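Engineer: Structure below; questions to follow.
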Amino acid sequence: MSLIVFGNASQKTVKEIAISSQIISGEDQMTLMELLIVNGIPVASSCSGVNACKLCSVNESVISCQITVHDFINKYGHKVVLNYL
């Protein structure tokens with residue numbers, strides 16, 4: 001299973017990230033922001049992921065530092081949209 005990172009500014013798929021079975025099952029509680037950063041995707045943030053600045057929003061209104069990858073996939077599917085990419 002994978003997560004597709006789509007850039008709204010470029011109108012193209014920026015990266016496809018493979019998702020581990022631990023993340024899919026919810027065993028690994030990695031946030032979406034952490035996953036993006038680990039995979040080389042720049043994430044706007046001035047608060048380092050403590051939900052103060054809300055700059056790390058994806059898909060228009062999802063705060064990536066406050067949602068696990070597991071929960072994101074279950075609620076929003078496999079496509080992450082970043083406006084600035």
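Starting from 1 in every chain, residues are counted up; chains themselves are A, B, ... following the order of the structure tokens, and ligands are numbered from 1 as listed.
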Env of Glu27 of chain A: 12 Å cut, atoms = only C-alpha atoms, seq-sep filter 2 positions within chain, self excluded. Answer as a list in words.
Structural biologist: Ser20, Ser21, Gln22, Ile23, Ile24, Ser25, Gln29, Met30, Thr68, Val69, His70 and Asp71 of chain A
Engineer: Could you take the residues named above and write them with C-alpha atoms, as a PDB file, in the first residue's frame?
Structural biologist:
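The resulting file, out.pdb, is shown below:
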```
ATOM      1  CA  SER A  20       4.400  -0.372   6.263  1.00  0.00           C
ATOM      2  CA  SER A  21       1.987  -2.931   7.658  1.00  0.00           C
ATOM      3  CA  GLN A  22       2.570  -1.495  11.160  1.00  0.00           C
ATOM      4  CA  ILE A  23       1.271   1.889  10.007  1.00  0.00           C
ATOM      5  CA  ILE A  24      -1.682   0.336   8.168  1.00  0.00           C
ATOM      6  CA  SER A  25      -2.709  -1.630  11.268  1.00  0.00           C
ATOM      7  CA  GLN A  29       1.412   5.876  15.525  1.00  0.00           C
ATOM      8  CA  MET A  30       3.589   7.995  13.214  1.00  0.00           C
ATOM      9  CA  THR A  68      -1.570   9.607  12.402  1.00  0.00           C
ATOM     10  CA  VAL A  69      -0.946   8.141   8.976  1.00  0.00           C
ATOM     11  CA  HIS A  70      -3.332   5.306   9.869  1.00  0.00           C
ATOM     12  CA  ASP A  71      -6.155   7.727  10.750  1.00  0.00           C
TER      13      ASP A  71
END
```
Engineer: Taking into account only C-alpha atoms, which residue in the set A:Ala52, A:Val80, A:Ile19, A:Met33 is nearest to Ile67 of chain A?
Structural biologist: A:Met33
Engineer: Given the choices A:Asn8, A:Ser45, A:Asn39, A:Thr31, which gets closest to Asn83 of chain A if the distance is worked out from only C-alpha atoms?
Structural biologist: A:Asn8
Engineer: Provide the atom CA of Gln66 of chain A to atom CA of Ala44 of chain A distance in Å, to one decimal place.
Structural biologist: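 Atom CA of Ala44 of chain A lies 13.9 Å from atom CA of Gln66 of chain A.
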